[in-house]
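Here is the structure we will look at.
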Amino acid sequence: GETIAIDGTKSRAHNSKKANYNQKKIDKHLEYIETKTQEYLSALAQNDAQETSTTLTNIQQKIERLKQNKIKY
């Protein structure tokens, strides 16, 4: 006797638009991150002129989120 084994495992592929990256998409995301970062930094500079701290923490949180996304890409 010979032993024949059959594996009944089925796996499904996951290749959605959000999980699929190519160089063009990465460049587009990085450009977006740089643009938004510059907008937030200019908003911080404007906020410094007005000296209100309510939006300061919100903008800093957005910048941190963009930094994390940049590292991811």
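Residue numbering restarts at 1 in every chain; chains get A, B, ... in the order shown in the structure tokens, and ligands count up from 1 in that same order.
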### Query
Quick one: residues within 10 Å of region 26-33 of chain A, only C-alpha atoms counted, chain neighbours fewer than 2 positions away excluded, as a list in words?
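Contacts, in chain order: Tyr21, Asn22, Gln23, Lys24, Thr35, Lys36, Thr37, Gln38, Glu39, Ile63, Arg65, Leu66, Lys67, Asn69, Lys70, Ile71, Lys72 and Tyr73 of chain A.
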### Message
as a PyMOL selection string, please: every residue in chain A that DSSP puts in alpha helix (DSSP H).
### Response
chain A and resi 23-50+54-72
### Message
Can you tell me which residues surround Thr57 (chain A) at a distance of at most 12 Å, considering only C-alpha atoms, apart from same-chain residues fewer than 5 positions away, and format the answer as a list in words?
### Response
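Close residues of Thr57 (chain A): Tyr40, Ala43, Leu44, Asn47, Thr52, Lys62, Ile63 and Glu64 of chain A.
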Emit the selected residues as an mmCIF file, in the first residue's frame, including all heavy atoms.
```
data_model
loop_
_atom_site.group_PDB
_atom_site.id
_atom_site.type_symbol
_atom_site.label_atom_id
_atom_site.label_comp_id
_atom_site.auth_asym_id
_atom_site.auth_seq_id
_atom_site.Cartn_x
_atom_site.Cartn_y
_atom_site.Cartn_z
ATOM 1 N N TYR A 40 -1.700 71.553 7.171
ATOM 2 C CA TYR A 40 -1.810 71.550 8.626
ATOM 3 C C TYR A 40 -0.732 72.418 9.276
ATOM 4 O O TYR A 40 -0.988 73.110 10.256
ATOM 5 C CB TYR A 40 -1.744 70.126 9.180
ATOM 6 C CG TYR A 40 -2.955 69.292 8.850
ATOM 7 C CD1 TYR A 40 -2.820 67.952 8.535
ATOM 8 C CD2 TYR A 40 -4.231 69.825 8.854
ATOM 9 C CE1 TYR A 40 -3.929 67.168 8.239
ATOM 10 C CE2 TYR A 40 -5.338 69.058 8.557
ATOM 11 C CZ TYR A 40 -5.182 67.732 8.245
ATOM 12 O OH TYR A 40 -6.279 66.967 7.956
ATOM 13 N N ALA A 43 -1.763 75.895 8.904
ATOM 14 C CA ALA A 43 -2.845 76.168 9.858
ATOM 15 C C ALA A 43 -2.281 76.362 11.263
ATOM 16 O O ALA A 43 -2.773 77.207 12.025
ATOM 17 C CB ALA A 43 -3.855 75.033 9.846
ATOM 18 N N LEU A 44 -1.244 75.592 11.601
ATOM 19 C CA LEU A 44 -0.589 75.776 12.902
ATOM 20 C C LEU A 44 0.067 77.154 12.992
ATOM 21 O O LEU A 44 -0.005 77.809 14.035
ATOM 22 C CB LEU A 44 0.454 74.680 13.140
ATOM 23 C CG LEU A 44 -0.061 73.319 13.566
ATOM 24 C CD1 LEU A 44 1.076 72.319 13.628
ATOM 25 C CD2 LEU A 44 -0.748 73.412 14.909
ATOM 26 N N ASN A 47 -2.566 79.575 13.489
ATOM 27 C CA ASN A 47 -3.080 79.415 14.845
ATOM 28 C C ASN A 47 -2.143 80.091 15.853
ATOM 29 O O ASN A 47 -2.597 80.651 16.837
ATOM 30 C CB ASN A 47 -3.251 77.938 15.176
ATOM 31 C CG ASN A 47 -3.992 77.718 16.468
ATOM 32 O OD1 ASN A 47 -4.838 78.520 16.826
ATOM 33 N ND2 ASN A 47 -3.681 76.636 17.150
ATOM 34 N N THR A 52 -4.874 80.471 19.690
ATOM 35 C CA THR A 52 -5.970 79.661 20.223
ATOM 36 C C THR A 52 -5.505 78.226 20.263
ATOM 37 O O THR A 52 -4.939 77.717 19.310
ATOM 38 C CB THR A 52 -7.236 79.761 19.349
ATOM 39 O OG1 THR A 52 -6.911 79.362 18.022
ATOM 40 C CG2 THR A 52 -7.784 81.171 19.337
ATOM 41 N N LYS A 62 -3.860 65.120 13.677
ATOM 42 C CA LYS A 62 -3.941 64.829 12.243
ATOM 43 C C LYS A 62 -2.547 64.649 11.649
ATOM 44 O O LYS A 62 -2.325 63.762 10.818
ATOM 45 C CB LYS A 62 -4.694 65.937 11.517
ATOM 46 C CG LYS A 62 -6.173 65.936 11.819
ATOM 47 C CD LYS A 62 -6.883 67.057 11.095
ATOM 48 C CE LYS A 62 -8.362 67.071 11.423
ATOM 49 N NZ LYS A 62 -9.068 68.140 10.714
ATOM 50 N N ILE A 63 -1.603 65.478 12.082
ATOM 51 C CA ILE A 63 -0.231 65.354 11.584
ATOM 52 C C ILE A 63 0.370 64.022 12.017
ATOM 53 O O ILE A 63 1.048 63.350 11.229
ATOM 54 C CB ILE A 63 0.626 66.552 12.054
ATOM 55 C CG1 ILE A 63 0.194 67.822 11.317
ATOM 56 C CG2 ILE A 63 2.108 66.278 11.821
ATOM 57 C CD1 ILE A 63 0.875 69.076 11.804
ATOM 58 N N GLU A 64 0.127 63.599 13.240
ATOM 59 C CA GLU A 64 0.635 62.311 13.716
ATOM 60 C C GLU A 64 0.036 61.162 12.914
ATOM 61 O O GLU A 64 0.729 60.200 12.569
ATOM 62 C CB GLU A 64 0.340 62.127 15.206
ATOM 63 C CG GLU A 64 1.216 62.958 16.100
ATOM 64 C CD GLU A 64 2.688 62.640 15.928
ATOM 65 O OE1 GLU A 64 3.054 61.452 15.818
ATOM 66 O OE2 GLU A 64 3.484 63.597 15.879
#
```
### Query
What is the distance between CA of Lys17 (chain A) and CA of Ile59 (chain A), in Å to one decimal?
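According to the coordinates, CA of Lys17 (chain A) and CA of Ile59 (chain A) are separated by 28.5 Å.
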### Distance of CA of Lys18 (chain A) from CA of Leu41 (chain A), expressed in Å to one decimal place
27.7 Å
